[in-house]
>>> print(open('my_file_1.cif').read())   # mmCIF, C-alpha atoms
data_target
loop_
_atom_site.label_atom_id
_atom_site.label_comp_id
_atom_site.auth_asym_id
_atom_site.auth_seq_id
_atom_site.Cartn_x
_atom_site.Cartn_y
_atom_site.Cartn_z
CA MET R 6 -109.97 -46.52 -55.51
CA ILE R 7 -110.25 -48.57 -58.70
CA THR R 8 -113.69 -48.29 -60.24
CA ARG R 9 -115.19 -51.66 -61.18
CA ASP R 10 -117.98 -50.28 -63.34
CA TYR R 11 -118.91 -53.60 -64.97
CA TYR R 12 -119.61 -55.27 -61.62
CA LEU R 13 -121.07 -52.15 -60.03
CA ASN R 14 -123.57 -51.79 -62.87
CA ARG R 15 -124.58 -55.43 -62.45
CA LEU R 16 -125.31 -54.80 -58.77
CA ILE R 17 -127.30 -51.68 -59.62
CA HIS R 18 -129.24 -53.53 -62.33
CA ASN R 19 -130.25 -56.28 -59.88
CA MET R 20 -131.32 -54.09 -56.97
CA TRP R 21 -134.65 -55.11 -55.45
CA ASN R 22 -135.12 -57.99 -57.88
CA GLY R 23 -136.50 -60.22 -55.13
CA GLU R 24 -133.35 -62.37 -55.06
CA ILE R 25 -130.24 -62.59 -52.90
CA LYS R 26 -127.23 -61.14 -54.68
CA VAL R 27 -124.33 -63.57 -54.23
CA ILE R 28 -120.93 -62.01 -55.02
CA THR R 29 -118.24 -64.68 -55.47
CA GLY R 30 -114.58 -64.67 -56.43
CA ILE R 31 -111.06 -65.46 -55.27
CA ARG R 32 -110.03 -63.80 -52.02
CA ARG R 33 -108.48 -60.34 -52.37
CA CYS R 34 -109.90 -59.79 -55.86
CA GLY R 35 -112.01 -56.82 -54.74
CA LYS R 36 -115.40 -58.26 -53.71
CA SER R 37 -115.50 -56.42 -50.40
CA VAL R 38 -114.43 -53.12 -51.95
CA LEU R 39 -117.10 -53.54 -54.62
CA LEU R 40 -119.85 -54.05 -52.07
CA PHE R 41 -118.72 -52.10 -48.99
CA ASP R 42 -117.16 -49.13 -50.77
CA LEU R 43 -118.28 -48.71 -54.38
CA PHE R 44 -121.87 -49.91 -54.05
CA TYR R 45 -122.15 -48.37 -50.58
CA GLU R 46 -121.10 -44.97 -51.95
CA TYR R 47 -123.52 -45.38 -54.83
CA LEU R 48 -126.40 -45.92 -52.39
CA LEU R 49 -125.41 -42.92 -50.28
CA SER R 50 -125.23 -40.76 -53.40
CA HIS R 51 -128.81 -41.80 -54.18
CA ARG R 52 -130.21 -40.64 -50.84
CA VAL R 53 -130.01 -43.92 -48.95
CA LYS R 54 -129.16 -43.19 -45.31
CA GLU R 55 -126.24 -44.88 -43.56
CA GLU R 56 -128.55 -46.44 -40.96
CA GLN R 57 -130.48 -48.14 -43.77
CA ILE R 58 -127.39 -50.16 -44.74
CA ILE R 59 -126.60 -53.06 -42.39
CA ARG R 60 -122.94 -54.05 -42.84
CA LEU R 61 -121.60 -57.30 -41.36
CA GLU R 62 -118.01 -58.29 -42.15
CA LEU R 63 -117.68 -61.80 -40.76
CA ASP R 64 -113.87 -61.88 -40.90
CA GLN R 65 -113.72 -59.10 -38.28
CA ARG R 66 -113.62 -60.04 -34.60
CA LYS R 67 -116.38 -57.63 -33.65
CA ASN R 68 -118.73 -59.58 -35.93
CA TYR R 69 -117.70 -63.13 -34.99
CA LYS R 70 -120.98 -63.63 -33.12
CA PHE R 71 -122.87 -63.20 -36.39
CA ARG R 72 -121.21 -66.31 -37.79
CA ASN R 73 -124.08 -67.98 -35.95
CA PRO R 74 -126.86 -67.67 -38.56
CA ILE R 75 -129.63 -67.50 -35.94
CA THR R 76 -127.89 -64.62 -34.15
CA LEU R 77 -127.42 -62.88 -37.49
CA CYS R 78 -131.05 -63.31 -38.49
CA ASP R 79 -132.35 -62.14 -35.13
CA TYR R 80 -130.14 -59.03 -35.29
CA VAL R 81 -131.32 -58.05 -38.76
CA ASP R 82 -134.94 -58.78 -37.83
CA SER R 83 -134.67 -56.49 -34.81
CA ILE R 84 -133.79 -53.59 -37.12
CA VAL R 85 -135.89 -54.22 -40.20
CA ASN R 86 -139.14 -55.30 -38.54
CA LYS R 87 -139.35 -52.18 -36.41
CA ARG R 88 -139.29 -49.87 -39.43
CA LYS R 89 -141.35 -51.59 -42.08
CA ASP R 90 -142.01 -48.32 -43.89
CA GLU R 91 -138.29 -47.96 -44.74
CA GLN R 92 -136.10 -49.89 -47.15
CA PHE R 93 -132.95 -51.59 -45.86
CA TYR R 94 -129.87 -53.14 -47.44
CA LEU R 95 -128.00 -56.05 -45.85
CA PHE R 96 -124.31 -56.56 -46.72
CA ILE R 97 -122.67 -59.76 -45.43
CA ASP R 98 -118.98 -60.19 -46.22
CA GLU R 99 -117.23 -63.60 -46.39
CA VAL R 100 -120.37 -65.60 -45.65
CA GLN R 101 -118.41 -68.86 -45.83
CA PHE R 102 -117.29 -68.19 -42.23
CA THR R 103 -120.78 -68.93 -40.89
CA ILE R 104 -121.37 -72.14 -38.97
CA ARG R 105 -124.14 -74.71 -38.69
CA VAL R 106 -126.10 -74.55 -35.44
CA ASN R 107 -129.04 -76.29 -33.80
CA ASP R 108 -132.18 -74.23 -33.24
CA GLU R 109 -133.18 -75.02 -29.65
CA ALA R 110 -136.48 -73.14 -30.07
CA ASN R 111 -137.50 -75.46 -32.92
CA GLU R 112 -136.86 -79.04 -31.82
CA ASN R 113 -133.08 -78.60 -32.13
CA ILE R 114 -133.23 -78.68 -35.93
CA GLU R 115 -129.97 -77.88 -37.73
CA VAL R 116 -129.88 -74.41 -39.24
CA THR R 117 -127.50 -73.02 -41.88
CA ILE R 118 -126.89 -69.56 -43.25
CA TYR R 119 -128.97 -70.54 -46.28
CA ASP R 120 -132.02 -71.11 -44.08
CA MET R 121 -131.63 -67.70 -42.49
CA LEU R 122 -130.97 -65.89 -45.77
CA ASN R 123 -134.03 -67.49 -47.33
CA GLU R 124 -136.02 -66.23 -44.36
CA LEU R 125 -134.59 -62.71 -44.66
CA LYS R 126 -135.26 -62.72 -48.39
CA SER R 127 -138.98 -62.78 -47.68
CA TYR R 128 -138.82 -59.35 -46.01
CA LYS R 129 -140.39 -56.89 -48.43
CA ASN R 130 -138.27 -53.98 -47.18
CA LEU R 131 -134.88 -55.76 -47.26
CA ASP R 132 -132.45 -56.23 -50.16
CA VAL R 133 -129.72 -58.80 -49.38
CA TYR R 134 -126.13 -58.98 -50.67
CA VAL R 135 -123.50 -61.52 -49.62
CA THR R 136 -119.90 -62.19 -50.65
CA GLY R 137 -117.99 -65.45 -50.50
CA SER R 138 -114.63 -66.85 -51.58
CA ASN R 139 -115.46 -70.51 -51.94
CA SER R 140 -117.65 -72.13 -54.56
CA LYS R 141 -118.22 -75.18 -52.36
CA MET R 142 -119.99 -72.89 -49.93
CA LEU R 143 -121.77 -70.70 -52.44
CA SER R 144 -121.72 -71.10 -56.20
CA LYS R 145 -122.54 -74.78 -56.41
CA ASP R 146 -125.34 -74.34 -53.90
CA ILE R 147 -127.06 -71.30 -55.36
CA ALA R 148 -129.73 -73.18 -57.34
CA THR R 149 -130.58 -75.59 -54.53
CA GLU R 150 -129.92 -73.87 -51.22
CA PHE R 151 -131.36 -70.53 -52.31
CA ARG R 152 -134.28 -72.34 -53.98
CA GLY R 153 -133.55 -70.77 -57.32
CA ARG R 154 -133.89 -67.25 -55.94
CA ALA R 155 -130.35 -65.89 -56.08
CA THR R 156 -128.39 -63.77 -58.54
CA GLN R 157 -124.70 -64.64 -58.80
CA ILE R 158 -122.15 -61.98 -59.68
CA HIS R 159 -118.70 -63.50 -60.03
CA VAL R 160 -115.82 -61.04 -59.59
CA TYR R 161 -112.40 -61.62 -61.12
CA PRO R 162 -109.08 -59.85 -60.54
CA LEU R 163 -108.60 -56.73 -62.62
CA SER R 164 -108.96 -57.14 -66.36
CA PHE R 165 -106.25 -55.47 -68.43
CA TYR R 166 -108.76 -52.76 -69.33
CA GLU R 167 -109.33 -52.00 -65.63
CA PHE R 168 -105.60 -52.27 -64.92
CA TYR R 169 -104.60 -49.93 -67.73
CA SER R 170 -107.42 -47.47 -67.04
CA HIS R 171 -105.92 -47.01 -63.58
CA ILE R 172 -102.17 -46.85 -64.30
CA GLY R 173 -102.17 -45.37 -67.83
CA GLY R 174 -98.93 -44.79 -69.71
CA GLN R 175 -97.61 -46.76 -72.66
CA LYS R 176 -99.91 -49.68 -73.45
CA GLU R 177 -97.14 -52.15 -74.25
CA LYS R 178 -95.27 -51.36 -71.03
CA ALA R 179 -98.45 -51.68 -69.00
CA PHE R 180 -99.18 -55.04 -70.62
CA ASP R 181 -95.71 -56.32 -69.75
CA GLN R 182 -96.45 -55.46 -66.12
CA TYR R 183 -99.86 -57.10 -66.31
CA MET R 184 -98.46 -60.28 -67.84
CA LEU R 185 -95.86 -60.53 -65.08
CA TYR R 186 -97.79 -59.41 -62.00
CA GLY R 187 -101.42 -60.02 -62.95
CA GLY R 188 -104.45 -58.09 -61.80
CA MET R 189 -104.83 -58.45 -58.04
CA PRO R 190 -106.01 -54.93 -57.11
CA ARG R 191 -103.34 -54.38 -54.45
CA ILE R 192 -100.62 -54.68 -57.09
CA VAL R 193 -101.44 -51.32 -58.69
CA ALA R 194 -100.71 -49.57 -55.38
CA LEU R 195 -97.22 -51.09 -55.09
CA GLU R 196 -94.42 -49.42 -57.03
CA ASP R 197 -91.39 -51.47 -55.99
CA GLU R 198 -90.88 -54.68 -58.00
CA LYS R 199 -89.72 -56.58 -54.92
CA ASP R 200 -92.82 -55.51 -52.98
CA LYS R 201 -95.05 -56.80 -55.77
CA LYS R 202 -93.32 -60.17 -55.84
CA ASN R 203 -93.37 -60.50 -52.06
CA TYR R 204 -97.05 -59.57 -51.93
CA LEU R 205 -98.07 -62.19 -54.48
CA THR R 206 -95.86 -64.89 -52.96
CA ASN R 207 -97.17 -64.26 -49.45
CA LEU R 208 -100.75 -64.05 -50.70
CA TYR R 209 -100.40 -67.41 -52.39
CA GLU R 210 -98.72 -69.23 -49.54
CA GLU R 211 -100.26 -67.59 -46.51
CA LEU R 212 -103.81 -67.14 -47.76
CA TYR R 213 -104.77 -69.42 -50.63
CA VAL R 214 -102.80 -72.57 -49.80
CA ARG R 215 -103.48 -72.29 -46.09
CA ASP R 216 -107.15 -71.59 -46.76
CA ILE R 217 -107.52 -74.69 -48.96
CA VAL R 218 -105.69 -76.88 -46.44
CA GLU R 219 -107.65 -75.67 -43.42
CA ARG R 220 -111.08 -75.58 -45.05
CA ASN R 221 -110.78 -79.09 -46.46
CA LYS R 222 -108.68 -80.51 -43.60
CA LEU R 223 -106.03 -81.74 -46.01
CA GLU R 224 -103.42 -84.14 -44.71
CA TRP R 225 -100.91 -83.73 -47.54
CA GLU R 226 -100.11 -80.04 -48.04
CA ASP R 227 -96.90 -80.93 -49.88
CA ILE R 228 -98.90 -82.87 -52.48
CA LEU R 229 -101.28 -79.93 -52.92
CA ASN R 230 -98.27 -77.67 -53.52
CA ALA R 231 -96.82 -80.14 -56.01
CA ILE R 232 -100.12 -80.24 -57.93
CA LEU R 233 -100.33 -76.45 -58.01
CA ASP R 234 -96.73 -76.27 -59.23
CA PHE R 235 -97.52 -78.76 -61.99
CA ILE R 236 -100.61 -76.84 -63.13
CA ALA R 237 -98.66 -73.56 -63.05
CA SER R 238 -95.97 -75.00 -65.29
CA GLN R 239 -98.49 -76.61 -67.67
CA ILE R 240 -101.05 -73.84 -68.31
CA GLY R 241 -102.51 -74.21 -71.77
CA SER R 242 -101.53 -77.89 -71.94
CA LEU R 243 -103.90 -80.85 -71.92
CA THR R 244 -103.73 -82.98 -68.81
CA ASN R 245 -105.81 -85.04 -66.37
CA PRO R 246 -105.50 -86.33 -62.80
CA THR R 247 -103.89 -89.57 -63.97
CA ASN R 248 -101.19 -87.73 -65.92
CA ILE R 249 -100.53 -85.47 -62.95
CA SER R 250 -100.36 -88.37 -60.48
CA ASN R 251 -97.95 -90.25 -62.77
CA ALA R 252 -95.72 -87.19 -63.13
CA LEU R 253 -95.71 -86.50 -59.39
CA SER R 254 -95.09 -90.17 -58.58
CA SER R 255 -92.06 -90.13 -60.87
CA MET R 256 -90.68 -86.89 -59.42
CA ARG R 257 -91.27 -87.85 -55.77
CA HIS R 258 -90.37 -91.54 -56.14
CA GLU R 259 -93.56 -92.53 -54.34
CA PRO R 260 -97.03 -93.47 -55.59
CA ILE R 261 -99.58 -90.64 -55.71
CA ASN R 262 -103.21 -91.72 -56.07
CA ASN R 263 -105.00 -90.09 -59.01
CA ASN R 264 -108.23 -89.84 -56.96
CA LEU R 265 -106.31 -87.78 -54.41
CA VAL R 266 -105.05 -85.53 -57.21
CA SER R 267 -108.59 -85.15 -58.56
CA SER R 268 -109.89 -84.14 -55.12
CA TYR R 269 -107.11 -81.60 -54.58
CA LEU R 270 -107.73 -80.07 -58.01
CA THR R 271 -111.40 -79.68 -57.07
CA TYR R 272 -110.44 -77.92 -53.83
CA ALA R 273 -108.24 -75.48 -55.75
CA MET R 274 -111.10 -74.77 -58.16
CA ASP R 275 -113.54 -74.37 -55.25
CA ALA R 276 -111.22 -71.64 -53.94
CA PHE R 277 -111.32 -70.00 -57.40
CA LEU R 278 -107.53 -70.30 -57.65
CA ILE R 279 -107.66 -72.23 -60.93
CA GLU R 280 -110.32 -72.93 -63.55
CA MET R 281 -110.82 -75.87 -65.88
CA ALA R 282 -111.74 -75.61 -69.57
CA ARG R 283 -113.38 -78.73 -70.97
CA ARG R 284 -112.68 -80.14 -74.43
CA TYR R 285 -115.53 -79.97 -76.92
CA ASN R 286 -115.85 -82.14 -80.03
CA ILE R 287 -116.91 -79.61 -82.66
CA LYS R 288 -118.09 -82.15 -85.22
CA GLY R 289 -119.63 -84.60 -82.74
CA LYS R 290 -121.09 -81.83 -80.54
CA THR R 291 -120.12 -83.70 -77.36
CA TYR R 292 -117.71 -83.14 -74.48
CA PHE R 293 -114.69 -85.30 -73.67
CA ASN R 294 -114.20 -86.40 -70.08
CA TYR R 295 -110.40 -86.07 -70.23
CA PRO R 296 -107.94 -84.52 -70.78
CA ASN R 297 -108.79 -80.87 -70.12
CA LYS R 298 -106.92 -77.60 -69.66
CA TYR R 299 -106.36 -75.67 -66.46
CA TYR R 300 -105.78 -71.93 -66.19
CA TYR R 301 -104.85 -69.71 -63.26
CA THR R 302 -107.47 -67.15 -62.27
CA ASP R 303 -104.67 -64.61 -61.92
CA LEU R 304 -101.46 -64.89 -63.94
CA GLY R 305 -99.45 -62.98 -61.33
CA LEU R 306 -100.24 -65.69 -58.78
CA ARG R 307 -99.15 -68.34 -61.27
CA ASN R 308 -95.85 -66.54 -61.88
CA ALA R 309 -95.28 -66.11 -58.15
CA ARG R 310 -95.91 -69.83 -57.69
CA LEU R 311 -93.05 -70.55 -60.10
CA ASN R 312 -90.86 -67.84 -58.54
CA TYR R 313 -90.91 -66.01 -61.90
CA ARG R 314 -88.62 -68.61 -63.45
CA GLN R 315 -90.88 -69.87 -66.24
CA PHE R 316 -91.72 -67.04 -68.64
CA ASP R 317 -93.46 -68.63 -71.61
CA PRO R 318 -95.38 -65.79 -73.32
CA GLY R 319 -97.38 -68.05 -75.65
CA HIS R 320 -99.02 -70.03 -72.85
CA MET R 321 -99.30 -66.96 -70.63
CA MET R 322 -101.08 -65.12 -73.43
CA GLU R 323 -103.51 -68.03 -73.76
CA ASN R 324 -104.24 -67.86 -70.02
CA ILE R 325 -104.91 -64.11 -70.26
CA ILE R 326 -107.28 -64.57 -73.20
CA TYR R 327 -109.19 -67.32 -71.38
CA ASN R 328 -109.56 -65.12 -68.29
CA GLU R 329 -110.73 -62.19 -70.39
CA LEU R 330 -113.38 -64.27 -72.13
CA VAL R 331 -114.86 -65.70 -68.93
CA MET R 332 -114.72 -62.23 -67.31
CA ARG R 333 -116.95 -61.03 -70.12
CA GLY R 334 -119.46 -63.73 -69.25
CA TYR R 335 -118.92 -66.09 -72.18
CA SER R 336 -119.02 -69.88 -72.03
CA VAL R 337 -115.53 -71.04 -73.05
CA ASP R 338 -114.41 -74.53 -74.13
CA VAL R 339 -111.36 -76.01 -75.81
CA GLY R 340 -112.28 -77.07 -79.34
CA VAL R 341 -111.30 -80.44 -80.84
CA ILE R 342 -111.74 -81.37 -84.48
CA THR R 343 -110.73 -84.64 -86.13
CA GLU R 344 -108.90 -84.74 -89.45
CA ARG R 345 -108.37 -87.86 -91.55
CA GLN R 346 -104.79 -88.21 -92.79
CA HIS R 347 -103.62 -91.24 -94.79
CA ASP R 348 -106.34 -93.50 -93.35
CA LYS R 349 -105.56 -92.28 -89.87
CA ARG R 350 -107.41 -89.82 -87.67
CA ALA R 351 -105.58 -86.86 -86.14
CA GLN R 352 -107.07 -84.54 -83.54
CA ARG R 353 -106.49 -80.83 -84.02
CA GLU R 354 -107.22 -78.14 -81.48
CA ILE R 355 -108.95 -74.79 -81.54
CA ASP R 356 -107.85 -72.87 -78.47
CA PHE R 357 -111.28 -71.52 -77.56
CA VAL R 358 -114.85 -72.21 -78.61
CA VAL R 359 -116.71 -69.18 -77.29
CA ASN R 360 -120.48 -69.24 -76.89
CA ASP R 361 -122.84 -66.43 -76.05
CA GLY R 362 -126.33 -67.89 -76.12
CA ASP R 363 -126.89 -69.15 -79.66
CA ARG R 364 -123.90 -67.21 -81.00
CA ARG R 365 -120.46 -68.77 -81.38
CA ILE R 366 -116.94 -67.77 -82.38
CA TYR R 367 -113.67 -69.68 -82.63
CA ILE R 368 -110.45 -68.14 -81.29
CA GLN R 369 -106.83 -69.12 -81.83
CA SER R 370 -104.17 -67.62 -79.58
CA ALA R 371 -100.92 -67.09 -81.49
CA TYR R 372 -98.10 -65.11 -79.90
CA ARG R 373 -96.28 -64.95 -83.22
CA MET R 374 -97.04 -66.19 -86.74
CA ASP R 375 -93.89 -65.02 -88.52
CA ALA R 376 -93.15 -68.35 -90.17
CA LYS R 377 -95.19 -70.06 -92.89
CA GLN R 378 -95.27 -73.43 -91.08
CA LYS R 379 -96.37 -71.77 -87.85
CA ALA R 380 -99.18 -69.95 -89.67
CA GLU R 381 -100.35 -73.15 -91.36
CA THR R 382 -100.41 -74.99 -88.02
CA GLU R 383 -102.42 -72.26 -86.29
CA LEU R 384 -104.96 -71.88 -89.09
CA ARG R 385 -105.37 -75.54 -90.06
CA SER R 386 -107.94 -76.42 -87.40
CA LEU R 387 -110.01 -73.31 -88.18
CA LYS R 388 -110.24 -74.41 -91.81
CA LEU R 389 -111.57 -77.83 -90.78
CA THR R 390 -114.69 -76.65 -88.91
CA GLY R 391 -116.85 -76.60 -92.03
CA ASP R 392 -119.18 -73.97 -90.60
CA PHE R 393 -119.65 -70.23 -90.95
CA PHE R 394 -119.09 -69.06 -87.37
CA LYS R 395 -116.65 -66.16 -87.04
CA LYS R 396 -113.00 -67.22 -86.67
CA ILE R 397 -110.52 -64.96 -84.88
CA VAL R 398 -106.75 -65.17 -84.48
CA ILE R 399 -105.44 -63.07 -81.58
CA ARG R 400 -101.77 -62.17 -82.02
CA MET R 401 -98.98 -60.09 -80.51
CA ASP R 402 -96.99 -59.57 -83.72
CA ILE R 403 -99.35 -57.34 -85.73
CA PRO R 404 -99.97 -53.59 -85.30
CA HIS R 405 -103.55 -53.58 -86.56
CA ASP R 406 -106.43 -55.91 -87.35
CA PHE R 407 -107.21 -57.42 -90.76
CA TYR R 408 -109.05 -60.25 -92.55
CA ASP R 409 -106.94 -62.83 -94.38
CA ASN R 410 -107.81 -64.66 -97.61
CA ASN R 411 -109.64 -67.37 -95.64
CA GLY R 412 -111.95 -64.81 -94.09
CA PHE R 413 -110.28 -65.22 -90.68
CA TYR R 414 -110.07 -62.08 -88.55
CA HIS R 415 -106.61 -61.29 -87.12
CA CYS R 416 -106.38 -58.81 -84.25
CA ASN R 417 -103.80 -57.49 -81.81
CA LEU R 418 -103.97 -58.88 -78.26
CA ILE R 419 -103.80 -55.50 -76.51
CA ASP R 420 -106.56 -54.08 -78.71
CA PHE R 421 -108.69 -57.13 -77.88
CA LEU R 422 -108.09 -56.72 -74.15
CA LEU R 423 -108.90 -53.01 -74.26
CA GLY R 424 -112.25 -53.76 -75.85
CA THR R 425 -111.65 -52.02 -79.18
CA ILE R 426 -112.28 -55.27 -81.06
CA SER R 427 -115.84 -56.53 -81.54
CA LEU R 428 -115.98 -60.31 -81.09
CA PHE R 429 -119.54 -60.91 -82.29
#
>>> encode(input="my_file_1.cif", output="structure tokens")
Amino acid sequence: MITRDYYLNRLIHNMWNGEIKVITGIRRCGKSVLLFDLFYEYLLSHRVKEEQIIRLELDQRKNYKFRNPITLCDYVDSIVNKRKDEQFYLFIDEVQFTIRVNDEANENIEVTIYDMLNELKSYKNLDVYVTGSNSKMLSKDIATEFRGRATQIHVYPLSFYEFYSHIGGQKEKAFDQYMLYGGMPRIVALEDEKDKKNYLTNLYEELYVRDIVERNKLEWEDILNAILDFIASQIGSLTNPTNISNALSSMRHEPINNNLVSSYLTYAMDAFLIEMARRYNIKGKTYFNYPNKYYYTDLGLRNARLNYRQFDPGHMMENIIYNELVMRGYSVDVGVITERQHDKRAQREIDFVVNDGDRRIYIQSAYRMDAKQKAETELRSLKLTGDFFKKIVIRMDIPHDFYDNNGFYHCNLIDFLLGTISLF
């Protein structure tokens, strides 16, 4: 069992806060284990009785009837209302499987799981926790459907710190494995390389793609696959739906509508398979509409998508850094700064503008900086900001951290991922 202390502590911190705890994340990233094993064991170790924990896993056939939100609510009510002097915990797994129904007892009004959860939330002796694997069903609706009374805890695949804490050994060797196979929890239990590759490939094709197609009733699965292939091959590169549609149209020798591409990208993000980082104008303090960058939530899935043929460590490193930053709860954008050169304006990029409340840092991802021209290119945009926020260069080609003559902080990627480097 891999301990997910960061997420477990967040659950513990938010116990009995009067809100529904909504645990989101890509399927198979460990949400169910977090709630039904780690948090469950925590409660038992703190003298909560088994019968005080109501567990409903909606992807299991024995619980299919509870996909009807009225049936679910009535069942929980029948337990909790009879013993008002006791505290109860409700765990609902994969809540996106619930359906909309008409309440015949109340003028046939349509009822959703949100209506029932809001009703259950009012019980003084009930603490509610739900998991879901689709932002269209949960994350985007938290503020409205839960009437501002929900706490979201978003779970990611294993960070490198979690991965390494479990497998141990030489750090560099462990990182090579992590860069290739990613952090889906099941991976650490598989020893054979072929088994790891088969697991990730089957997971991608049989779970994520099929899930997106079926949930959104997509007509063109081949176009979805082509878009996902394009994003996988272009991580860390600026693009937009129009660029993607033009590229696919050229490759397939048929027109692909950019609105269709935009919709399919949204579906992939709703499934937490990919994430988008927006471009931020540092001087103008505004966001650009397009182009943006897309990153895979798990690098192992990205590599499996490309059949392990495209090993580009610079872009893969950038994807890992982005994932690490958002795992830590930071707001992350792609920085853009304009430089005037010979009466012309040139846009330069800072890989990540990282915000934590009113605090900010700039981060450049540089796999290697062993040439003077490469170093000048990487550092140029940092020099142009004109502010005093901390500037960090994360690299793979240095054994220890240091400050350069510009005051920029250089650190080793593995040290950063293991949390030995203080960002702020």
>>> closest_residue(input="my_file_1.cif", among="R:Lys388, R:Asn251, R:Thr425, R:Val38", to="Glu344 in chain R", atoms="only C-alpha atoms")
R:Lys388
>>> resolve_selection(input="my_file_1.cif", expression="the PyMOL selection byres ((chain R and resi 37) around 10)", output="NGL selection string")
:R and (28 or 32-36 or 38-44 or 62 or 96-99 or 135-137)
>>> closest_residue(input="my_file_1.cif", among="R:Arg385, R:Arg9, R:Lys377, R:Lys129", to="Ser170 in chain R", atoms="all atoms listed in the file")
R:Arg9
>>> resolve_selection(input="my_file_1.cif", expression="the PyMOL selection byres ((chain R and resi 118) around 12)", output="PyMOL selection string")
chain R and resi 71-78+97+99-107+115-117+119-126+135+142-143+146+150-151
>>> axis_aligned_box(input="my_file_1.cif", around="range 208-223 of chain R", padding_each_side="8 Å", output="JSON")
{"center_x": -104.9, "center_y": -72.9, "center_z": -47.9, "size_x": 28.4, "size_y": 33.7, "size_z": 25.0}
>>> atom_distance(input="my_file_1.cif", atom1="CA of Ala282 in chain R", atom2="CA of Lys222 in chain R")
26.6 Å
>>> resolve_selection(input="my_file_1.cif", expression="the PyMOL selection byres ((chain R and resi 327) around 12)", output="PDB file with C-alpha atoms, in the coordinates of the input")
ATOM      1  CA  SER R 164    -108.960 -57.140 -66.360  1.00  0.00           C
ATOM      2  CA  ILE R 240    -101.050 -73.840 -68.310  1.00  0.00           C
ATOM      3  CA  GLY R 241    -102.510 -74.210 -71.770  1.00  0.00           C
ATOM      4  CA  ILE R 279    -107.660 -72.230 -60.930  1.00  0.00           C
ATOM      5  CA  GLU R 280    -110.320 -72.930 -63.550  1.00  0.00           C
ATOM      6  CA  MET R 281    -110.820 -75.870 -65.880  1.00  0.00           C
ATOM      7  CA  ALA R 282    -111.740 -75.610 -69.570  1.00  0.00           C
ATOM      8  CA  LYS R 298    -106.920 -77.600 -69.660  1.00  0.00           C
ATOM      9  CA  TYR R 299    -106.360 -75.670 -66.460  1.00  0.00           C
ATOM     10  CA  TYR R 300    -105.780 -71.930 -66.190  1.00  0.00           C
ATOM     11  CA  TYR R 301    -104.850 -69.710 -63.260  1.00  0.00           C
ATOM     12  CA  THR R 302    -107.470 -67.150 -62.270  1.00  0.00           C
ATOM     13  CA  ASP R 303    -104.670 -64.610 -61.920  1.00  0.00           C
ATOM     14  CA  LEU R 304    -101.460 -64.890 -63.940  1.00  0.00           C
ATOM     15  CA  HIS R 320     -99.020 -70.030 -72.850  1.00  0.00           C
ATOM     16  CA  MET R 321     -99.300 -66.960 -70.630  1.00  0.00           C
ATOM     17  CA  MET R 322    -101.080 -65.120 -73.430  1.00  0.00           C
ATOM     18  CA  GLU R 323    -103.510 -68.030 -73.760  1.00  0.00           C
ATOM     19  CA  ASN R 324    -104.240 -67.860 -70.020  1.00  0.00           C
ATOM     20  CA  ILE R 325    -104.910 -64.110 -70.260  1.00  0.00           C
ATOM     21  CA  ILE R 326    -107.280 -64.570 -73.200  1.00  0.00           C
ATOM     22  CA  ASN R 328    -109.560 -65.120 -68.290  1.00  0.00           C
ATOM     23  CA  GLU R 329    -110.730 -62.190 -70.390  1.00  0.00           C
ATOM     24  CA  LEU R 330    -113.380 -64.270 -72.130  1.00  0.00           C
ATOM     25  CA  VAL R 331    -114.860 -65.700 -68.930  1.00  0.00           C
ATOM     26  CA  MET R 332    -114.720 -62.230 -67.310  1.00  0.00           C
ATOM     27  CA  ARG R 333    -116.950 -61.030 -70.120  1.00  0.00           C
ATOM     28  CA  GLY R 334    -119.460 -63.730 -69.250  1.00  0.00           C
ATOM     29  CA  TYR R 335    -118.920 -66.090 -72.180  1.00  0.00           C
ATOM     30  CA  SER R 336    -119.020 -69.880 -72.030  1.00  0.00           C
ATOM     31  CA  VAL R 337    -115.530 -71.040 -73.050  1.00  0.00           C
ATOM     32  CA  ASP R 338    -114.410 -74.530 -74.130  1.00  0.00           C
ATOM     33  CA  VAL R 339    -111.360 -76.010 -75.810  1.00  0.00           C
ATOM     34  CA  ASP R 356    -107.850 -72.870 -78.470  1.00  0.00           C
ATOM     35  CA  PHE R 357    -111.280 -71.520 -77.560  1.00  0.00           C
ATOM     36  CA  VAL R 358    -114.850 -72.210 -78.610  1.00  0.00           C
ATOM     37  CA  VAL R 359    -116.710 -69.180 -77.290  1.00  0.00           C
ATOM     38  CA  ILE R 368    -110.450 -68.140 -81.290  1.00  0.00           C
ATOM     39  CA  GLN R 369    -106.830 -69.120 -81.830  1.00  0.00           C
ATOM     40  CA  SER R 370    -104.170 -67.620 -79.580  1.00  0.00           C
ATOM     41  CA  ILE R 399    -105.440 -63.070 -81.580  1.00  0.00           C
ATOM     42  CA  LEU R 422    -108.090 -56.720 -74.150  1.00  0.00           C
TER      43      LEU R 422
END
>>> closest_residue(input="my_file_1.cif", among="R:Tyr204, R:Phe429, R:Phe180, R:Phe407", to="Arg364 in chain R", atoms="all atoms listed in the file")
R:Phe429
>>> atom_distance(input="my_file_1.cif", atom1="CA of Thr247 in chain R", atom2="CA of Tyr295 in chain R")
9.7 Å
